[in-house]
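Read the structure below first, then the notes.
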Amino acid sequence: MAASPAPPGARPREQMPHLSKMERVVVSMQDPDQGVKMRSQRLLITVVPHAVTGNDIMEWLIQKYCISQKAIYLAKKNIRKQGALADHEKEHYDQLHRKINHMWDLVVMQAREQLRAAKQRRKGDRLVIACQEQTYWLVNRPPPGVPSVLEQGLKRGSCTAKRVQMTKNADFYRREIECCRKALSRTRVKSSVSLEAYLKFSSQHRPHDPIMSGCLPSNPWITDNDSYWAMNAPSVAVPTKLRVERWGFSFQELLEDPVGRAHFMDFLRKEFSAENLSFWEACEELRHGGQAQIPTLVDAVYQQFLAPGAARWVNIDSQTMERTLEGLHQPHRYMLDDAQLHIYMLMKKDSYPRFLKSDMYKALLAEAVIPLETKRRVFPFMRKPRHSSPSPALLPASASGETGTAASGPGHGDGDA
C-alpha cells in the first residue's frame with residue numbers, strides 16, 4: 001500500500017489522502033497487540049500461518065472505528081426526533097442498518113437505555129452531554145460538503161469538500177443555476193481560432209528552430225565548426241537575417257535581444273523619445289539588482305526620470321505617478337512596476353510599429369548576413385556515414401582485369417621507354 005518512491009532528482013510524489021488512510025488502517029491491523037487477531041490454520045499436512053477470517057476483520061473495524069457507537073447515536077436521534085433526520089443522516093443510518101444488521105437489536109436497546117438514563121439527569125447536564133456528543137460526531141464524521149477540521153495544511157478541505165456531493169436542496173440548485181449563467185457569459189475562444197493561431201505561430205517560428213530547419217552554416221553540436229555561435233553572439237556588428245526577422249515577431253523579442261535593443265535605442269533617439277527605453281532598462285536593473293543598492297537606484301531613477309524638471313522626464317499618467325510616489329517612503333524592487341508597464345505599453349503600441357515600418361529596419365533586413373545554404377534534411381543532426389573505398393579483392397573479375405590493365409599500361413610504357 002505504500003507509495004512508490006520518486007525517481008532520483010525528482011520531486012517526491014504526493015500521496016492521495018484516501019490511500020494514506022488505507023495504509024494507516026492496514027498498519028493498524030498488523031499491530032500484534034491491538035490489531036486483528038491472527039492464528040495458524042492447519043489444513044491436512046500444510047499449515048497456513050497468520051490466517052484471519054472476514055468476520056474477524058469486520059469485528060475489529062467495528063470496534064476500532066466505533067461503528068456501533070455511531071449507530072447508537074443515530075438511533076437515539078431517530079427515536080428522539082421520531083424519524084425526522086437530515087438527508088445525509090438518513091442515508092448513513094440505512095447504511096449502518098445494512099452493515100450491522102445482525103446486531104441491530106442490541107444497538108436499539110442500548111439507544112433506549114441511554115435515553116432512559118438521560119431523563120434522570122438534570123436539564124443542564126443533559127444539554128451539555130448532548131452538545132458534546134453532537135460536536136464529537138461533527139468533528140470525526142463531518143456531513144457531506146463540510147471540510148473536516150482535522151485536516152491540516154494550506155489545501156485544507158480541498159480534497160474532500162469538492163468530491164462529496166452536497167445535499168440537493170433549493171439552495172444547491174440556485175447556486176448551480178448561477179454558476180451556469182456565469183459560465184455562459186464568460187468569453188471563450190473557438191477551437192478553430194486557437195488552432196489557426198497555433199498553426200500561424202508554428203509556421204512563423206519553424207525557420208528559426210535549429211532542430212526543425214537546421215543550423216546555418218553548420219551544426220556546432222555535431223561538428224567542430226563554431227561559426228553558428230560566432231554569428232549569433234549577443235553582440236555582433238552585423239546580425240543574421242533570421243535574427244532581424246525575429247525582432248518583428250513581438251516587442252518582447254526585440255527587447256530580449258541586445259543587438260535589437262541597441263538599434264531600437266538609435267531609432268528612439270531620432271524620434272527624441274529615447275528616455276522611455278532608458279527608463280525601462282533602469283527599472284529592470286532595479287528589479288534584478290542587489291538588495292543593498294535598492295535605495296540608491298530608486299533615488300537615481302526618480303531624480304533622472306520622474307522628479308519635476310528631470311533631465312529625462314517620462315510621460316506617466318497621474319494615477320500611476322501617485323502610486324509610484326507612495327512607494328518612495330519604503331523603497332523596494334517592485335515599486336516601479338506600474339510605471340514600467342505604462343512606458344512598456346506606450347513603446348509597444350506607438351514606437352514599435354513605427355520602427356518595423358522605418359527605413360532603418362528595412363536597411364537592417366537588407367544588410368543582414370545570410371549564411372550559406374546547406375543540404376536540408378528532415379533531422380539536421382543526422383549525417384550519412386562515410387564509407388571507405390571498396391577493396392580490390394571484392395571487385396568483379398572483369399572490373400579487376402580492367403583495373404590491372406590500366407595500372408600496368410603506364411608501367412610498361414615506362415619500361416619500353
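For the C-alpha cells, the naming scheme is as follows: chains receive sequential letters (A, B, ...) according to their order of presentation, residues are indexed from 1 within each chain, and ligands are indexed from 1 in presentation order.
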
| field | Nearby residues (only C-alpha atoms) at most 12 Å from A:His208, same-chain spacing under 3 positions excluded, as a ChimeraX atom specification | value | /A:201-205,211-216,240-247,249

| query | Which residues, written as a list of chain:residue names, have at least one atom at most 12 Å from stretch 222-229 of chain A, with only C-alpha atoms counted and residues fewer than 2 positions away on the same chain left out? | reply | A:Pro210, A:Gly214, A:Cys215, A:Leu216, A:Pro217, A:Ser218, A:Asn219, A:Pro220, A:Met231, A:Asn232, A:Ala233, A:Pro234, A:Ser235, A:Val236, A:Pro239, A:Thr240, A:Val369, A:Ile370, A:Pro371, A:Leu372, A:Pro380, A:Phe381, A:Met382, A:Arg383

Could you save the residues just selected, with C-alpha atoms, as an mmCIF file, in the first residue's frame?
```cif
data_model
loop_
_atom_site.group_PDB
_atom_site.id
_atom_site.type_symbol
_atom_site.label_atom_id
_atom_site.label_comp_id
_atom_site.auth_asym_id
_atom_site.auth_seq_id
_atom_site.Cartn_x
_atom_site.Cartn_y
_atom_site.Cartn_z
ATOM 1 C CA PRO A 210 17.597 24.749 -35.238
ATOM 2 C CA GLY A 214 18.908 23.096 -39.258
ATOM 3 C CA CYS A 215 21.771 25.379 -38.298
ATOM 4 C CA LEU A 216 23.474 27.585 -40.849
ATOM 5 C CA PRO A 217 26.267 27.414 -41.880
ATOM 6 C CA SER A 218 26.798 24.183 -39.856
ATOM 7 C CA ASN A 219 25.595 22.457 -36.731
ATOM 8 C CA PRO A 220 28.054 23.224 -33.887
ATOM 9 C CA MET A 231 27.322 34.752 -35.946
ATOM 10 C CA ASN A 232 24.644 34.623 -33.222
ATOM 11 C CA ALA A 233 26.691 36.078 -30.355
ATOM 12 C CA PRO A 234 24.941 38.594 -28.046
ATOM 13 C CA SER A 235 26.910 41.490 -29.563
ATOM 14 C CA VAL A 236 27.786 41.342 -33.248
ATOM 15 C CA PRO A 239 23.248 40.271 -37.294
ATOM 16 C CA THR A 240 21.869 37.426 -39.366
ATOM 17 C CA VAL A 369 24.058 38.245 -43.082
ATOM 18 C CA ILE A 370 22.640 35.219 -44.884
ATOM 19 C CA PRO A 371 24.733 32.108 -44.147
ATOM 20 C CA LEU A 372 25.467 29.731 -46.996
ATOM 21 C CA PRO A 380 19.750 18.090 -39.466
ATOM 22 C CA PHE A 381 21.697 16.196 -36.838
ATOM 23 C CA MET A 382 21.566 13.019 -38.943
ATOM 24 C CA ARG A 383 24.543 12.597 -41.283
#
```

| Using the chain letters and numbers from this document, which residues of stretch 47-227 of chain A does DSSP assign to strand (DSSP E), as a PyMOL selection string? | chain A and resi 47-51

Go ahead and write the selection's residues with N, CA and C atoms as a PDB file, in the first residue's frame.
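To be explicit, this is the file written out as result.pdb:
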```
ATOM      1  N   VAL A  47       0.243 -26.041   6.875  1.00  0.00           N
ATOM      2  CA  VAL A  47      -0.200 -25.084   7.885  1.00  0.00           C
ATOM      3  C   VAL A  47      -0.140 -23.679   7.270  1.00  0.00           C
ATOM      4  N   VAL A  48      -1.252 -22.970   7.324  1.00  0.00           N
ATOM      5  CA  VAL A  48      -1.318 -21.593   6.807  1.00  0.00           C
ATOM      6  C   VAL A  48      -1.073 -20.648   7.972  1.00  0.00           C
ATOM      7  N   PRO A  49       0.068 -19.948   8.006  1.00  0.00           N
ATOM      8  CA  PRO A  49       0.331 -19.045   9.133  1.00  0.00           C
ATOM      9  C   PRO A  49      -0.422 -17.728   8.988  1.00  0.00           C
ATOM     10  N   HIS A  50      -0.703 -17.095  10.110  1.00  0.00           N
ATOM     11  CA  HIS A  50      -1.325 -15.756  10.162  1.00  0.00           C
ATOM     12  C   HIS A  50      -2.637 -15.731   9.378  1.00  0.00           C
ATOM     13  N   ALA A  51      -3.483 -16.698   9.627  1.00  0.00           N
ATOM     14  CA  ALA A  51      -4.772 -16.735   8.947  1.00  0.00           C
ATOM     15  C   ALA A  51      -5.786 -15.887   9.697  1.00  0.00           C
TER      16      ALA A  51
END
```

| query | So which one's closest to A:Thr320, A:Leu306, A:Ile57, A:Ala339, A:Ala262? Using only C-alpha atoms, please. | reply |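 Using only C-alpha atoms, A:Thr320 sits closest to A:Ala339.
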
| message | Residues near A:Lys76, anyone? I mean within 9 Å using only C-alpha atoms, not counting same-chain ones fewer than 5 positions away, as JSON, numbers by chain. | response | {"A": [71, 81, 108, 110, 111, 112, 114, 115]}

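Separating atom CA of A:Asn169 from atom CA of A:Trp137 is a distance of 22.9 Å.
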
| message | Would you compute the distance between atom CA of A:Arg287 and atom CA of A:Met321? Give it in Å to one decimal. | response |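 Between atom CA of A:Arg287 and atom CA of A:Met321 the gap is 18.2 Å.
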
| remark: Taken to one decimal, the atom CA of A:Lys348-atom CA of A:Glu281 distance is 14.7 Å

| said: I'd like to know which residues of stretch 294-371 of chain A are alpha helix (DSSP H) (by DSSP, run on the backbone); could you write them as a PyMOL selection string? | reply: chain A and resi 294-301+318-326+337-346+352-357+359-367

| Within 12 Å of A:Lys99 using only C-alpha atoms, minus same-chain residues under 2 positions, as a VMD selection string | chain A and resid 58 to 59 61 to 62 67 to 68 71 92 to 97 101 to 104

| task | Return the single residue from A:Val26, A:Ala237, A:Val52, A:Ile294 that is closest to A:Met38, with distances computed using only C-alpha atoms. | result |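 Closest to A:Met38 of all the choices is A:Val52.
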
| field | Option closest in space to A:Phe264, from A:Pro353, A:Gly327, A:Pro207, A:Gly289 [counting only C-alpha atoms] | value |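 Smallest separation from A:Phe264 among the options: A:Pro353.
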